[in-house]
Amino acid sequence: MRIGIVCYASLGGSGIVATELARHLVARGHEVHLLSSDIPFRLQSDPAGIILHRVETPSYPLFHEPQYLLSLATLIVQVVRERRLDIVHAHYAVPHATAAWLAREILTVRHDVEPPRIITTLHGTDITLIGSDPSYTEAVSFSIDHSDAVTAVSHSLRESTCTAMPVHTDVRVIYNFLDCAQFDRRFDPELRRQLSPGGEDEALIVHMSNFRPVKRLDAVMEIFRRIRQHTKARLVLAGDGPDAVHVPFWADAYGLRDELTVLPPQQSVVPLLSVADLFLLPSLQESFGLAALEAMACEVPVVVSRVGGLPEVVEHDVTGFLHPPEDLVSMAASAVAILKDPERRRRMGQAARRAVVARFCAGDIVPQYEALYRELAG
């Protein structure tokens with residue numbers, strides 16, 4: 001099939017999942033076109049046979065801001081005409097599904113090519129933040145209802161969508177996924193020594209995200225401060241985003257600058273996760289929790305918030321720990337308990353890996369998207 005995938009190029013989970021879906025679809029013999037404002041972060045080193053189309057958004061004095069929606073809709077029209085796409089798969093309702101609908105309307109009126117079928121995958125903030133804003137609700141719900149099929153990355157997100165928005169279409173759940181052959185624990189002693197120079201008795205705790213307020217880096221620092229009161233540990237923050245500028249101030253406020261390492265976004269996260277003892281994700285909201293899933297695949301126990309889709313990914317006291325987002329004391333206590341018991345930590349890490357392999361591997365999830373494509377394309 002000929003498939004167009006529309007996504008953001010940012011560090012967030014939606015862009016990562018869209019990129020990995022494109023990779024696996026190409027490997028399964030499909031022609032895949034990826035439309036984005038830039039090369040997605042994890043595709044920069046290896047396009048993997050994917051045909052890339054960059055959205056060019058010129059600035060005009062008439063407009064106060066670049067018109068990304070119009071530029072994207074026009075690009076979709078152009079790619080459909082040139083390559084006769086069967087499917088346009090929009091990751092994020094607004095503006096991507098909106099642009100896909102507009103492109104289909106243009107093609108329908110022009111009568112020069114068969115319009116593609118539109119699939120919209122909801123990833124979270126397009127519903128929980130943008131969709132809940134009265135300024136956008138009608139546009140988001142319209143874009144969802146006028147898609148030919150809609151998927152959500154968790155049952156929690158599906159329920160939030162159907163409860164919070166005036167949508168009438170069926171929303172199917174297709175979980176996020178990993179390449180389980182790629183995501184496996186590969187311990188590198190030298191990298192461990194570099195990141196944890198304090199020796200084997202120093203625990204290494206990792207947090208990876210796009211450093212937005214919803215990820216709560218301040219809570220990560222507070223949990224780590226409490227951990228440090230009970231055991232020797234270091235914290236590694238990997239990523240970038242609007243809250244990155246606050247990290248030095250929080251580190252100084254908590255007296256943790258000497259125990260903190262800040263790394264840029266990682267093209268490959270497996271080496272870092274493979275040397276970690278624990279992964280922290282105390283988010284205010286997570287529609288799925290892809291970063292936690294990546295850690296679990298590398299046999300790293302996780303301490304996360306009991307919000308959104310995370311309870312569908314993490315089993316409390318089996319593959320990690322789930323606590324209310326406001327209960328940082330319990331998060332720290334669970335972290336200390338697992339860090340002080342290496343054998344329990346090993347068992348929990350292995351259980352986490354088994355859970356990922358059983359439910360979230362590409363070999364199980366990608367065929368679900370393929371089946372949906374074929375159902376729509378006839």
# chains A, B, ... in the order shown; residues from 1 in each chain; ligands from 1
call {"tool": "select_by_dssp", "arguments": {"residues": "range 99-342 of chain A", "states": "strand (DSSP E)", "output": "VMD selection string"}}
result
chain A and resid 117 to 122 149 to 152 171 to 173 203 to 209 233 to 239 260 to 263 278 to 281 302 to 305 320 to 323
call {"tool": "write_last_selection", "arguments": {"atoms": "C-alpha atoms", "output": "short mmCIF file (atom, residue, chain, number, x, y, z; two decimals), in the first residue's frame"}}
result
data_model
loop_
_atom_site.label_atom_id
_atom_site.label_comp_id
_atom_site.auth_asym_id
_atom_site.auth_seq_id
_atom_site.Cartn_x
_atom_site.Cartn_y
_atom_site.Cartn_z
CA ARG A 117 -8.73 7.46 3.48
CA ILE A 118 -7.82 9.29 6.68
CA ILE A 119 -6.79 7.67 9.94
CA THR A 120 -6.21 9.81 13.02
CA THR A 121 -4.21 8.55 15.98
CA LEU A 122 -4.74 10.45 19.22
CA ALA A 149 -10.96 5.75 11.47
CA VAL A 150 -9.65 6.96 14.81
CA THR A 151 -7.28 5.22 17.19
CA ALA A 152 -6.03 6.09 20.67
CA VAL A 171 -12.27 5.23 18.81
CA ARG A 172 -10.22 2.04 18.68
CA VAL A 173 -7.27 1.37 20.96
CA ALA A 203 22.66 3.84 42.22
CA LEU A 204 22.02 5.42 38.82
CA ILE A 205 18.57 6.95 38.33
CA VAL A 206 17.39 8.17 34.93
CA HIS A 207 14.64 10.47 33.70
CA MET A 208 14.09 11.05 29.97
CA SER A 209 11.49 13.39 28.48
CA ALA A 233 22.77 7.77 44.08
CA ARG A 234 23.22 9.90 40.97
CA LEU A 235 20.57 11.34 38.68
CA VAL A 236 20.77 11.59 34.89
CA LEU A 237 18.33 13.83 33.03
CA ALA A 238 18.25 13.26 29.26
CA GLY A 239 16.25 15.46 26.90
CA LEU A 260 23.35 15.49 38.63
CA THR A 261 24.24 14.88 34.98
CA VAL A 262 22.24 16.52 32.18
CA LEU A 263 22.50 14.94 28.73
CA LEU A 278 15.73 2.95 38.13
CA PHE A 279 13.61 5.16 35.88
CA LEU A 280 11.53 8.05 37.24
CA LEU A 281 8.44 9.49 35.49
CA VAL A 302 10.09 2.28 36.90
CA VAL A 303 8.53 4.60 39.46
CA VAL A 304 5.71 6.50 37.76
CA SER A 305 2.51 8.43 38.40
CA GLY A 320 7.44 -1.01 38.71
CA PHE A 321 5.59 1.26 41.11
CA LEU A 322 2.49 3.41 40.59
CA HIS A 323 1.70 6.27 42.94
#
call {"tool": "residues_around", "arguments": {"residues": "range 105-112 of chain A", "least_positions_apart": "5", "cutoff": "12 Å", "atoms": "only C-alpha atoms", "output": "ChimeraX atom specification"}}
result
/A:70,73-82,84-85,98-100,117-118,146-147
call {"tool": "residues_around", "arguments": {"residues": "Arg54 in chain A", "least_positions_apart": "2", "cutoff": "10 Å", "atoms": "only C-alpha atoms", "output": "list in words"}}
result
Leu34, Leu35, Ser36, Ser37, Asp38, Ile39, Leu52, Glu56, Thr57, Leu72 and Leu75 of chain A
call {"tool": "write_last_selection", "arguments": {"atoms": "C-alpha atoms", "output": "JSON list (two decimals), in the first residue's frame"}}
result
[["chain", "number", "residue", "atom", "x", "y", "z"],
["A", 34, "LEU", "CA", 6.45, 10.90, 5.99],
["A", 35, "LEU", "CA", 5.25, 14.52, 6.08],
["A", 36, "SER", "CA", 6.63, 16.76, 8.81],
["A", 37, "SER", "CA", 8.07, 20.20, 9.43],
["A", 38, "ASP", "CA", 11.52, 18.61, 9.82],
["A", 39, "ILE", "CA", 13.22, 15.22, 9.85],
["A", 52, "LEU", "CA", 10.47, 12.36, 3.49],
["A", 56, "GLU", "CA", 7.53, 24.53, 4.10],
["A", 57, "THR", "CA", 5.67, 27.35, 5.83],
["A", 72, "LEU", "CA", 0.51, 20.98, 5.39],
["A", 75, "LEU", "CA", 1.61, 19.33, 0.77]]
call {"tool": "residues_around", "arguments": {"residues": "Arg2 in chain A", "least_positions_apart": "5", "cutoff": "7 Å", "atoms": "only C-alpha atoms", "output": "number ranges by chain"}}
result
A: 30-32, 85-87
call {"tool": "write_last_selection", "arguments": {"atoms": "N, CA and C atoms", "output": "mmCIF file, in the first residue's frame"}}
result
data_model
loop_
_atom_site.group_PDB
_atom_site.id
_atom_site.type_symbol
_atom_site.label_atom_id
_atom_site.label_comp_id
_atom_site.auth_asym_id
_atom_site.auth_seq_id
_atom_site.Cartn_x
_atom_site.Cartn_y
_atom_site.Cartn_z
ATOM 1 N N HIS A 30 5.606 -1.817 2.298
ATOM 2 C CA HIS A 30 4.751 -0.698 1.925
ATOM 3 C C HIS A 30 5.582 0.497 1.465
ATOM 4 N N GLU A 31 4.976 1.338 0.647
ATOM 5 C CA GLU A 31 5.583 2.609 0.260
ATOM 6 C C GLU A 31 5.115 3.664 1.260
ATOM 7 N N VAL A 32 6.056 4.244 1.983
ATOM 8 C CA VAL A 32 5.689 5.142 3.082
ATOM 9 C C VAL A 32 6.281 6.520 2.847
ATOM 10 N N LEU A 85 -1.620 8.154 -2.898
ATOM 11 C CA LEU A 85 -1.660 7.537 -1.582
ATOM 12 C C LEU A 85 -3.013 6.883 -1.316
ATOM 13 N N ASP A 86 -2.973 5.713 -0.698
ATOM 14 C CA ASP A 86 -4.198 5.027 -0.281
ATOM 15 C C ASP A 86 -4.676 5.534 1.080
ATOM 16 N N ILE A 87 -3.715 5.835 1.938
ATOM 17 C CA ILE A 87 -4.009 6.199 3.325
ATOM 18 C C ILE A 87 -3.203 7.429 3.698
#
call {"tool": "residues_around", "arguments": {"residues": "Lys340 in chain A", "least_positions_apart": "6", "cutoff": "10 Å", "atoms": "only C-alpha atoms", "output": "number ranges by chain"}}
result
A: 201, 203, 230-232
call {"tool": "closest_residue", "arguments": {"among": "A:Leu272, A:Val220, A:Ala355, A:Leu69", "to": "Ala332 in chain A", "atoms": "only C-alpha atoms"}}
result
A:Val220
call {"tool": "select_by_dssp", "arguments": {"residues": "range 29-149 of chain A", "states": "helix (DSSP H, G or I)", "output": "MDAnalysis selection string"}}
result
chainID A and resid 41:43 68:83 93:110 125:128 137:145
call {"tool": "closest_residue", "arguments": {"among": "A:Phe360, A:Ile3, A:Tyr8, A:Glu312", "to": "Gly29 in chain A", "atoms": "only C-alpha atoms"}}
result
A:Ile3
call {"tool": "closest_residue", "arguments": {"among": "A:Tyr136, A:Gly12, A:Leu293, A:Tyr175", "to": "Pro265 in chain A", "atoms": "only C-alpha atoms"}}
result
A:Gly12
call {"tool": "closest_residue", "arguments": {"among": "A:Glu20, A:Glu222, A:Glu299, A:Glu370", "to": "Met331 in chain A", "atoms": "only C-alpha atoms"}}
result
A:Glu222
call {"tool": "residues_around", "arguments": {"residues": "Phe211 in chain A", "least_positions_apart": "4", "cutoff": "10 Å", "atoms": "only C-alpha atoms", "output": "PyMOL selection string"}}
result
chain A and resi 11-12+207+215-217+237-247
call {"tool": "write_last_selection", "arguments": {"atoms": "C-alpha atoms", "output": "short mmCIF file (atom, residue, chain, number, x, y, z; two decimals), in the first residue's frame"}}
result
data_model
loop_
_atom_site.label_atom_id
_atom_site.label_comp_id
_atom_site.auth_asym_id
_atom_site.auth_seq_id
_atom_site.Cartn_x
_atom_site.Cartn_y
_atom_site.Cartn_z
CA LEU A 11 11.04 14.54 20.97
CA GLY A 12 7.54 13.56 22.12
CA HIS A 207 14.64 10.47 33.70
CA LYS A 215 6.81 15.98 33.01
CA ARG A 216 7.58 17.75 36.31
CA LEU A 217 11.35 17.91 36.43
CA LEU A 237 18.33 13.83 33.03
CA ALA A 238 18.25 13.26 29.26
CA GLY A 239 16.25 15.46 26.90
CA ASP A 240 15.47 19.05 26.13
CA GLY A 241 12.54 21.41 26.30
CA PRO A 242 11.14 24.54 27.96
CA ASP A 243 11.98 23.48 31.53
CA ALA A 244 15.65 22.79 30.74
CA VAL A 245 16.55 26.35 31.77
CA HIS A 246 15.23 25.71 35.29
CA VAL A 247 17.28 22.58 35.97
#
call {"tool": "atom_distance", "arguments": {"atom1": "CA of Ser14 in chain A", "atom2": "CA of Gly349 in chain A"}}
result
25.4 Å
call {"tool": "residues_around", "arguments": {"residues": "Val153 in chain A", "least_positions_apart": "5", "cutoff": "12 Å", "atoms": "only C-alpha atoms", "output": "PyMOL selection string"}}
result
chain A and resi 13-14+17-18+91-92+120-125+127+158-161+171-177+286-290+308-310+312-313+360+365+369
call {"tool": "write_last_selection", "arguments": {"atoms": "C-alpha atoms", "output": "short mmCIF file (atom, residue, chain, number, x, y, z; two decimals), in the first residue's frame"}}
result
data_model
loop_
_atom_site.label_atom_id
_atom_site.label_comp_id
_atom_site.auth_asym_id
_atom_site.auth_seq_id
_atom_site.Cartn_x
_atom_site.Cartn_y
_atom_site.Cartn_z
CA GLY A 13 6.14 10.07 21.95
CA SER A 14 3.83 10.79 19.00
CA VAL A 17 5.85 6.16 17.41
CA ALA A 18 5.00 7.58 13.98
CA HIS A 91 -0.71 11.55 14.28
CA TYR A 92 -2.43 14.22 16.41
CA THR A 120 -6.21 9.81 13.02
CA THR A 121 -4.21 8.55 15.98
CA LEU A 122 -4.74 10.45 19.22
CA HIS A 123 -1.68 10.67 21.43
CA GLY A 124 -2.84 12.68 24.42
CA THR A 125 -2.23 16.40 24.57
CA ILE A 127 -7.19 15.82 23.68
CA ARG A 158 -10.11 6.65 24.53
CA GLU A 159 -12.30 7.19 27.58
CA SER A 160 -11.04 10.75 28.04
CA THR A 161 -11.79 11.53 24.41
CA VAL A 171 -12.27 5.23 18.81
CA ARG A 172 -10.22 2.04 18.68
CA VAL A 173 -7.27 1.37 20.96
CA ILE A 174 -3.94 0.43 19.40
CA TYR A 175 -1.12 0.62 21.90
CA ASN A 176 2.25 2.21 21.33
CA PHE A 177 5.03 -0.26 20.67
CA GLU A 286 0.68 10.45 30.45
CA SER A 287 -1.69 9.06 27.86
CA PHE A 288 0.60 6.05 27.44
CA GLY A 289 4.12 6.51 28.84
CA LEU A 290 6.45 5.46 26.03
CA GLY A 308 -3.67 8.20 32.24
CA GLY A 309 -2.43 5.12 30.43
CA LEU A 310 0.48 4.31 32.74
CA GLU A 312 -2.06 -0.09 31.42
CA VAL A 313 1.71 -0.30 30.96
CA PHE A 360 4.00 -4.17 23.21
CA ILE A 365 1.08 -3.92 17.07
CA TYR A 369 -2.44 -0.80 11.84
#
